[in-house]
Amino acid sequence: QVQLVESGGGLVQAGGSLRLSCAASFRDNRMGWYRQATGKQRELVALISRAGSPIYSDSVKGRFTISRSYVENTVYLQMNSLKPEDTDVYYCNAIHMGTGSEYWGQGTQVTVSS
């Protein structure tokens, strides 16, 4: 059974840091993070290709870093200089490069207080 297991959300003050993790039960994937506030569309935060090339949304560029461990089959999102507007539910996403199937994690809440 395909699984994406997320961890690392929480409450932090503005200017602080959090690190999100997402472990996938399958390999050969492109992975990434999206976020969604209640009543809003889910938006891209960052992606990392199978080869390790990152892409960031303009809103997080320079503050967030996406990385992956091929040994642990896990993607990480290091979030620094957090702002109240970063408050959202963050979802891990993975696309199997062989089948094109797309999977989502259960979501983890990130709350940044001012």
# chains A, B, ... in the order shown; residues from 1 in each chain; ligands from 1
call {"tool": "residues_around", "arguments": {"residues": "Thr74 in chain A", "least_positions_apart": "3", "cutoff": "8 Å", "atoms": "only C-alpha atoms", "output": "PyMOL selection string"}}
result
chain A and resi 21-24+68-71
call {"tool": "select_by_dssp", "arguments": {"residues": "chain A", "states": "strand (DSSP E or B)", "output": "ChimeraX atom specification"}}
result
/A:4-7,10-13,18-24,29-36,43-48,54-56,64-69,74-79,88-96,102-104,108-113
call {"tool": "atom_distance", "arguments": {"atom1": "CA of Arg42 in chain A", "atom2": "CA of Ser7 in chain A"}}
result
18.8 Å
call {"tool": "closest_residue", "arguments": {"among": "A:Ser114, A:Asn93, A:Thr108, A:Ser57", "to": "Ala37 in chain A", "atoms": "only C-alpha atoms"}}
result
A:Thr108
call {"tool": "closest_residue", "arguments": {"among": "A:Gly62, A:Gly8, A:Val75, A:Thr38", "to": "Ala94 in chain A", "atoms": "only C-alpha atoms"}}
result
A:Val75
call {"tool": "closest_residue", "arguments": {"among": "A:Ser113, A:Asn80, A:Ser17, A:Ser25", "to": "Gln1 in chain A", "atoms": "only C-alpha atoms"}}
result
A:Ser25
call {"tool": "closest_residue", "arguments": {"among": "A:Ile66, A:Met31, A:Ile48, A:Leu11", "to": "Trp104 in chain A", "atoms": "only C-alpha atoms"}}
result
A:Met31
call {"tool": "closest_residue", "arguments": {"among": "A:Ile55, A:Arg50, A:Tyr91, A:Lys61", "to": "Tyr103 in chain A", "atoms": "only C-alpha atoms"}}
result
A:Tyr91
call {"tool": "atom_distance", "arguments": {"atom1": "CA of Ser101 in chain A", "atom2": "CA of Asn29 in chain A"}}
result
9.6 Å
call {"tool": "residues_around", "arguments": {"residues": "Gly107 in chain A", "least_positions_apart": "3", "cutoff": "8 Å", "atoms": "only C-alpha atoms", "output": "PyMOL selection string"}}
result
chain A and resi 6+89-92
call {"tool": "write_last_selection", "arguments": {"atoms": "all heavy atoms", "output": "mmCIF file, in the first residue's frame"}}
result
data_model
loop_
_atom_site.group_PDB
_atom_site.id
_atom_site.type_symbol
_atom_site.label_atom_id
_atom_site.label_comp_id
_atom_site.auth_asym_id
_atom_site.auth_seq_id
_atom_site.Cartn_x
_atom_site.Cartn_y
_atom_site.Cartn_z
ATOM 1 N N GLU A 6 3.799 12.088 7.006
ATOM 2 C CA GLU A 6 4.348 13.400 7.296
ATOM 3 C C GLU A 6 4.585 13.580 8.793
ATOM 4 O O GLU A 6 3.878 12.986 9.620
ATOM 5 C CB GLU A 6 3.382 14.485 6.823
ATOM 6 C CG GLU A 6 3.018 14.420 5.365
ATOM 7 C CD GLU A 6 1.915 15.383 5.006
ATOM 8 O OE1 GLU A 6 1.534 16.188 5.870
ATOM 9 O OE2 GLU A 6 1.430 15.329 3.864
ATOM 10 N N VAL A 89 -2.072 24.389 6.339
ATOM 11 C CA VAL A 89 -1.849 22.948 6.403
ATOM 12 C C VAL A 89 -0.928 22.591 5.239
ATOM 13 O O VAL A 89 -1.210 22.959 4.089
ATOM 14 C CB VAL A 89 -3.165 22.160 6.307
ATOM 15 C CG1 VAL A 89 -2.887 20.656 6.323
ATOM 16 C CG2 VAL A 89 -4.101 22.542 7.453
ATOM 17 N N TYR A 90 0.147 21.911 5.537
ATOM 18 C CA TYR A 90 1.139 21.546 4.535
ATOM 19 C C TYR A 90 0.963 20.082 4.153
ATOM 20 O O TYR A 90 0.860 19.216 5.036
ATOM 21 C CB TYR A 90 2.551 21.793 5.069
ATOM 22 C CG TYR A 90 2.911 23.259 5.086
ATOM 23 C CD1 TYR A 90 2.270 24.140 5.952
ATOM 24 C CD2 TYR A 90 3.875 23.780 4.220
ATOM 25 C CE1 TYR A 90 2.581 25.496 5.950
ATOM 26 C CE2 TYR A 90 4.194 25.126 4.216
ATOM 27 C CZ TYR A 90 3.546 25.973 5.081
ATOM 28 O OH TYR A 90 3.841 27.322 5.071
ATOM 29 N N TYR A 91 0.951 19.834 2.844
ATOM 30 C CA TYR A 91 0.725 18.491 2.324
ATOM 31 C C TYR A 91 1.930 18.024 1.527
ATOM 32 O O TYR A 91 2.429 18.740 0.654
ATOM 33 C CB TYR A 91 -0.491 18.467 1.406
ATOM 34 C CG TYR A 91 -1.802 18.741 2.105
ATOM 35 C CD1 TYR A 91 -2.290 20.031 2.220
ATOM 36 C CD2 TYR A 91 -2.550 17.700 2.648
ATOM 37 C CE1 TYR A 91 -3.494 20.292 2.860
ATOM 38 C CE2 TYR A 91 -3.760 17.947 3.285
ATOM 39 C CZ TYR A 91 -4.218 19.242 3.389
ATOM 40 O OH TYR A 91 -5.406 19.491 4.022
ATOM 41 N N CYS A 92 2.358 16.827 1.809
ATOM 42 C CA CYS A 92 3.394 16.186 1.018
ATOM 43 C C CYS A 92 2.764 15.602 -0.242
ATOM 44 O O CYS A 92 1.630 15.079 -0.195
ATOM 45 C CB CYS A 92 4.045 15.072 1.842
ATOM 46 S SG CYS A 92 5.326 14.155 0.985
#
call {"tool": "residues_around", "arguments": {"residues": "range 14-16 of chain A", "least_positions_apart": "6", "cutoff": "12 Å", "atoms": "only C-alpha atoms", "output": "number ranges by chain"}}
result
A: 63-64, 78-87, 110-114
call {"tool": "write_last_selection", "arguments": {"atoms": "C-alpha atoms", "output": "short mmCIF file (atom, residue, chain, number, x, y, z; two decimals), in the first residue's frame"}}
result
data_model
loop_
_atom_site.label_atom_id
_atom_site.label_comp_id
_atom_site.auth_asym_id
_atom_site.auth_seq_id
_atom_site.Cartn_x
_atom_site.Cartn_y
_atom_site.Cartn_z
CA ARG A 63 13.62 31.06 3.32
CA PHE A 64 12.67 27.43 2.70
CA GLN A 78 13.41 23.26 6.21
CA MET A 79 11.44 26.42 6.88
CA ASN A 80 13.33 29.42 8.24
CA SER A 81 12.32 33.03 8.89
CA LEU A 82 8.73 31.94 9.17
CA LYS A 83 6.00 34.53 8.80
CA PRO A 84 2.38 34.52 10.01
CA GLU A 85 1.29 34.24 6.37
CA ASP A 86 3.06 30.86 6.20
CA THR A 87 0.34 29.48 8.49
CA VAL A 110 2.00 24.82 10.59
CA THR A 111 1.02 27.84 12.67
CA VAL A 112 3.20 30.94 12.89
CA SER A 113 2.27 33.44 15.57
CA SER A 114 3.09 37.14 15.29
#
call {"tool": "decode", "arguments": {"residues": "range 10-64 of chain A", "atoms": "C-alpha atoms", "output": "PDB file, in the first residue's frame"}}
result
ATOM      1  CA  GLY A  10       3.576  22.745  14.923  1.00  0.00           C
ATOM      2  CA  LEU A  11       3.399  26.202  16.416  1.00  0.00           C
ATOM      3  CA  VAL A  12       6.290  28.650  16.154  1.00  0.00           C
ATOM      4  CA  GLN A  13       6.794  32.373  16.592  1.00  0.00           C
ATOM      5  CA  ALA A  14       7.453  34.614  13.624  1.00  0.00           C
ATOM      6  CA  GLY A  15      11.094  34.439  12.632  1.00  0.00           C
ATOM      7  CA  GLY A  16      11.418  30.888  13.887  1.00  0.00           C
ATOM      8  CA  SER A  17      12.071  27.620  12.069  1.00  0.00           C
ATOM      9  CA  LEU A  18      10.418  24.271  11.547  1.00  0.00           C
ATOM     10  CA  ARG A  19      11.356  21.200   9.542  1.00  0.00           C
ATOM     11  CA  LEU A  20       8.794  19.001   7.876  1.00  0.00           C
ATOM     12  CA  SER A  21       9.475  15.411   6.867  1.00  0.00           C
ATOM     13  CA  CYS A  22       7.636  13.066   4.556  1.00  0.00           C
ATOM     14  CA  ALA A  23       8.550   9.410   4.177  1.00  0.00           C
ATOM     15  CA  ALA A  24       7.361   7.618   1.061  1.00  0.00           C
ATOM     16  CA  SER A  25       6.717   3.905   0.778  1.00  0.00           C
ATOM     17  CA  PHE A  26       7.894   3.840  -2.843  1.00  0.00           C
ATOM     18  CA  ARG A  27      10.899   5.084  -4.828  1.00  0.00           C
ATOM     19  CA  ASP A  28      11.397   6.563  -8.299  1.00  0.00           C
ATOM     20  CA  ASN A  29       9.385   9.644  -7.443  1.00  0.00           C
ATOM     21  CA  ARG A  30       9.261  13.390  -7.677  1.00  0.00           C
ATOM     22  CA  MET A  31       8.295  14.815  -4.312  1.00  0.00           C
ATOM     23  CA  GLY A  32       7.154  18.146  -3.021  1.00  0.00           C
ATOM     24  CA  TRP A  33       5.186  20.216  -0.572  1.00  0.00           C
ATOM     25  CA  TYR A  34       1.985  22.149  -1.057  1.00  0.00           C
ATOM     26  CA  ARG A  35      -0.007  24.198   1.405  1.00  0.00           C
ATOM     27  CA  GLN A  36      -3.628  25.111   1.788  1.00  0.00           C
ATOM     28  CA  ALA A  37      -5.571  27.453   4.005  1.00  0.00           C
ATOM     29  CA  THR A  38      -9.260  26.890   4.713  1.00  0.00           C
ATOM     30  CA  GLY A  39     -11.332  28.090   1.789  1.00  0.00           C
ATOM     31  CA  LYS A  40      -8.344  28.584  -0.469  1.00  0.00           C
ATOM     32  CA  GLN A  41      -6.770  26.589  -3.263  1.00  0.00           C
ATOM     33  CA  ARG A  42      -3.842  24.331  -2.546  1.00  0.00           C
ATOM     34  CA  GLU A  43      -0.636  26.030  -3.685  1.00  0.00           C
ATOM     35  CA  LEU A  44       2.830  24.815  -4.480  1.00  0.00           C
ATOM     36  CA  VAL A  45       5.553  25.468  -1.910  1.00  0.00           C
ATOM     37  CA  ALA A  46       8.489  23.490  -3.287  1.00  0.00           C
ATOM     38  CA  LEU A  47       9.281  20.485  -5.472  1.00  0.00           C
ATOM     39  CA  ILE A  48      12.345  18.307  -5.784  1.00  0.00           C
ATOM     40  CA  SER A  49      12.941  16.125  -8.787  1.00  0.00           C
ATOM     41  CA  ARG A  50      14.080  12.539  -8.802  1.00  0.00           C
ATOM     42  CA  ALA A  51      17.587  13.876  -9.531  1.00  0.00           C
ATOM     43  CA  GLY A  52      17.414  16.353  -6.653  1.00  0.00           C
ATOM     44  CA  SER A  53      16.723  19.608  -8.508  1.00  0.00           C
ATOM     45  CA  PRO A  54      14.550  21.986  -6.446  1.00  0.00           C
ATOM     46  CA  ILE A  55      11.855  24.420  -7.466  1.00  0.00           C
ATOM     47  CA  TYR A  56      10.387  27.005  -5.079  1.00  0.00           C
ATOM     48  CA  SER A  57       7.434  29.312  -5.107  1.00  0.00           C
ATOM     49  CA  ASP A  58       8.385  32.981  -5.026  1.00  0.00           C
ATOM     50  CA  SER A  59       6.797  33.393  -1.608  1.00  0.00           C
ATOM     51  CA  VAL A  60       9.238  31.003   0.083  1.00  0.00           C
ATOM     52  CA  LYS A  61      12.371  31.388  -2.048  1.00  0.00           C
ATOM     53  CA  GLY A  62      15.370  32.184   0.126  1.00  0.00           C
ATOM     54  CA  ARG A  63      13.623  31.062   3.319  1.00  0.00           C
ATOM     55  CA  PHE A  64      12.671  27.431   2.703  1.00  0.00           C
TER      56      PHE A  64
END
